Amino acid sequence: MKAHLRHSRISMKKANLIASMIRGMKVEEALHVLERLPKKGAQRLYKLLASAASNAENNEKQNKNDLFIKTLIVNKGPSFRRFIPIARGRARRIEKATSHMSVELGIIMPEGEENKIKKEDKKAVKEAKKVEKKQNKKEEKKTDEKVEYSESKPQESFGKQESEAGQNEQKATKESSQSGATFEQHRQGSRGS
């Protein structure tokens with residue numbers, strides 16, 4: 001439910017004055033206001049808004065009376081550069097501004113329908129959470145069974161690893177004590193005493 005107008009030959013400032021008048025209005029009211037405004041930008045925004053409304057009717061199957069202007073953005077576009085001759089053979093630059101306009105329409109919903117939609121969303125979220133919890137419980141049971149089965153085998157090998165590690169430490173301490181003595185002897189001999 002969007003419509004865009006690019007490179008419109010009107011400055012952003014002039015178009016934004018009119019856009020600020022109709023932001024947040026219902027589409028029907030905004031079209032009525034724009035139709036009677038004696039401004040150049042009003043005609044362009046009228047066509048843009050009418051296009052967005054017809055997009056909503058044809059593509060989204062929405063009723064024109066239920067639509068409002070959700071966002072209306074007017075941005076600066078590229079400028080056309082023209083030159084006008086002035087005295088002594090010089091030229092003055094004239095910039096002819098353009099602007100980009102975008103409209104997004106929203107749907108006005110009665111209060112009762114909003115509550116119904118919120119309740120339906122809450123129910124859907126609750127059901128999705130229940131399904132996730134059930135799946136998580138099934139996965140946890142499977143992983144627990146795998147862990148219990150695999151715990152019996154590694155315990156036997158773990159005891160062997162501890163005993164091997166203890167033997168390696170004893171060998172290392174014997175070697176270090178022997179090498180330490182030779183190092184001390186070497187240091188004393190190198191002093192020249």
# chains A, B, ... in the order shown; residues from 1 in each chain; ligands from 1
$ residues_around --residues "Gln43 of chain A" --least-positions-apart "3" --cutoff "12 Å" --atoms "only C-alpha atoms" --output "PyMOL selection string"
chain A and resi 8+10+15+18-19+30-40+46-50
$ closest_atom_pairs --of "segment 26-84 of chain A" --to "segment 92-110 of chain A" --cutoff "6 Å" --atoms "only C-alpha atoms" --output "tab-separated table"
residue	atom	partner	partner_atom	distance
A:Asp66	CA	A:Ile108	CA	5.1
A:Leu67	CA	A:Ile107	CA	4.7
A:Phe68	CA	A:Gly106	CA	5.4
A:Ile69	CA	A:Leu105	CA	4.7
A:Lys70	CA	A:Leu105	CA	4.9
A:Thr71	CA	A:Glu104	CA	5.1
A:Leu72	CA	A:Val103	CA	4.6
A:Ile73	CA	A:Ser102	CA	5.2
A:Val74	CA	A:Met101	CA	4.5
A:Asn75	CA	A:His100	CA	5.1
A:Lys76	CA	A:Ser99	CA	4.5
A:Gly77	CA	A:Ser99	CA	4.3
A:Pro78	CA	A:Thr98	CA	5.9
A:Ser79	CA	A:Ala97	CA	4.5
A:Phe80	CA	A:Lys96	CA	4.9
A:Arg81	CA	A:Glu95	CA	4.8
A:Arg82	CA	A:Ile94	CA	5.0
A:Phe83	CA	A:Arg93	CA	4.5
A:Ile84	CA	A:Arg92	CA	5.3
$ write_last_selection --atoms "N, CA and C atoms" --output "PDB file, in the first residue's frame"
ATOM      1  N   ASP A  66     -11.374   2.735   4.670  1.00  0.00           N
ATOM      2  CA  ASP A  66     -10.672   2.250   5.863  1.00  0.00           C
ATOM      3  C   ASP A  66      -9.191   2.612   5.878  1.00  0.00           C
ATOM      4  N   LEU A  67      -8.746   3.435   4.948  1.00  0.00           N
ATOM      5  CA  LEU A  67      -7.316   3.742   4.836  1.00  0.00           C
ATOM      6  C   LEU A  67      -6.994   5.116   5.409  1.00  0.00           C
ATOM      7  N   PHE A  68      -5.793   5.239   5.960  1.00  0.00           N
ATOM      8  CA  PHE A  68      -5.287   6.534   6.405  1.00  0.00           C
ATOM      9  C   PHE A  68      -3.825   6.660   5.994  1.00  0.00           C
ATOM     10  N   ILE A  69      -3.295   7.879   6.050  1.00  0.00           N
ATOM     11  CA  ILE A  69      -1.913   8.130   5.637  1.00  0.00           C
ATOM     12  C   ILE A  69      -1.010   7.799   6.821  1.00  0.00           C
ATOM     13  N   LYS A  70      -0.304   6.687   6.718  1.00  0.00           N
ATOM     14  CA  LYS A  70       0.581   6.240   7.791  1.00  0.00           C
ATOM     15  C   LYS A  70       1.878   7.051   7.783  1.00  0.00           C
ATOM     16  N   THR A  71       2.521   7.112   6.635  1.00  0.00           N
ATOM     17  CA  THR A  71       3.721   7.940   6.490  1.00  0.00           C
ATOM     18  C   THR A  71       3.667   8.678   5.168  1.00  0.00           C
ATOM     19  N   LEU A  72       4.169   9.899   5.203  1.00  0.00           N
ATOM     20  CA  LEU A  72       4.279  10.721   3.993  1.00  0.00           C
ATOM     21  C   LEU A  72       5.626  11.425   4.081  1.00  0.00           C
ATOM     22  N   ILE A  73       6.556  11.009   3.245  1.00  0.00           N
ATOM     23  CA  ILE A  73       7.927  11.511   3.301  1.00  0.00           C
ATOM     24  C   ILE A  73       8.239  12.294   2.034  1.00  0.00           C
ATOM     25  N   VAL A  74       8.810  13.475   2.217  1.00  0.00           N
ATOM     26  CA  VAL A  74       9.258  14.305   1.089  1.00  0.00           C
ATOM     27  C   VAL A  74      10.749  14.534   1.261  1.00  0.00           C
ATOM     28  N   ASN A  75      11.547  14.042   0.327  1.00  0.00           N
ATOM     29  CA  ASN A  75      13.004  14.196   0.357  1.00  0.00           C
ATOM     30  C   ASN A  75      13.490  15.028  -0.815  1.00  0.00           C
ATOM     31  N   LYS A  76      14.699  15.553  -0.663  1.00  0.00           N
ATOM     32  CA  LYS A  76      15.299  16.357  -1.726  1.00  0.00           C
ATOM     33  C   LYS A  76      15.826  15.450  -2.821  1.00  0.00           C
ATOM     34  N   GLY A  77      15.569  15.818  -4.061  1.00  0.00           N
ATOM     35  CA  GLY A  77      16.082  15.087  -5.204  1.00  0.00           C
ATOM     36  C   GLY A  77      17.238  15.851  -5.842  1.00  0.00           C
ATOM     37  N   PRO A  78      17.755  15.361  -6.943  1.00  0.00           N
ATOM     38  CA  PRO A  78      18.846  16.069  -7.611  1.00  0.00           C
ATOM     39  C   PRO A  78      18.348  17.378  -8.239  1.00  0.00           C
ATOM     40  N   SER A  79      19.236  18.346  -8.321  1.00  0.00           N
ATOM     41  CA  SER A  79      18.866  19.652  -8.886  1.00  0.00           C
ATOM     42  C   SER A  79      19.308  19.742 -10.336  1.00  0.00           C
ATOM     43  N   PHE A  80      18.470  20.355 -11.160  1.00  0.00           N
ATOM     44  CA  PHE A  80      18.870  20.655 -12.535  1.00  0.00           C
ATOM     45  C   PHE A  80      19.686  21.943 -12.492  1.00  0.00           C
ATOM     46  N   ARG A  81      20.801  21.972 -13.194  1.00  0.00           N
ATOM     47  CA  ARG A  81      21.640  23.168 -13.214  1.00  0.00           C
ATOM     48  C   ARG A  81      21.477  23.885 -14.549  1.00  0.00           C
ATOM     49  N   ARG A  82      21.070  25.122 -14.460  1.00  0.00           N
ATOM     50  CA  ARG A  82      20.921  25.960 -15.650  1.00  0.00           C
ATOM     51  C   ARG A  82      21.737  27.227 -15.435  1.00  0.00           C
ATOM     52  N   PHE A  83      22.080  27.893 -16.516  1.00  0.00           N
ATOM     53  CA  PHE A  83      22.899  29.106 -16.426  1.00  0.00           C
ATOM     54  C   PHE A  83      22.201  30.259 -17.115  1.00  0.00           C
ATOM     55  N   ILE A  84      22.385  31.444 -16.566  1.00  0.00           N
ATOM     56  CA  ILE A  84      21.827  32.660 -17.151  1.00  0.00           C
ATOM     57  C   ILE A  84      22.983  33.651 -17.327  1.00  0.00           C
TER      58      ILE A  84
END
$ closest_residue --among "A:Ala87, A:Asn136, A:Lys64, A:Lys129" --to "Glu29 of chain A" --atoms "only C-alpha atoms"
A:Lys64
$ atom_distance --atom1 "atom CA of Gly89 of chain A" --atom2 "atom CA of Ser11 of chain A"
29.5 Å
$ atom_distance --atom1 "atom CA of Glu60 of chain A" --atom2 "atom CA of Leu5 of chain A"
20.0 Å
$ select_by_dssp --residues "segment 42-73 of chain A" --states "strand (DSSP E)" --output "list in words"
Leu67, Phe68, Ile69, Lys70, Thr71, Leu72 and Ile73 of chain A
$ atom_distance --atom1 "atom CA of Arg6 of chain A" --atom2 "atom CA of Glu28 of chain A"
23.5 Å
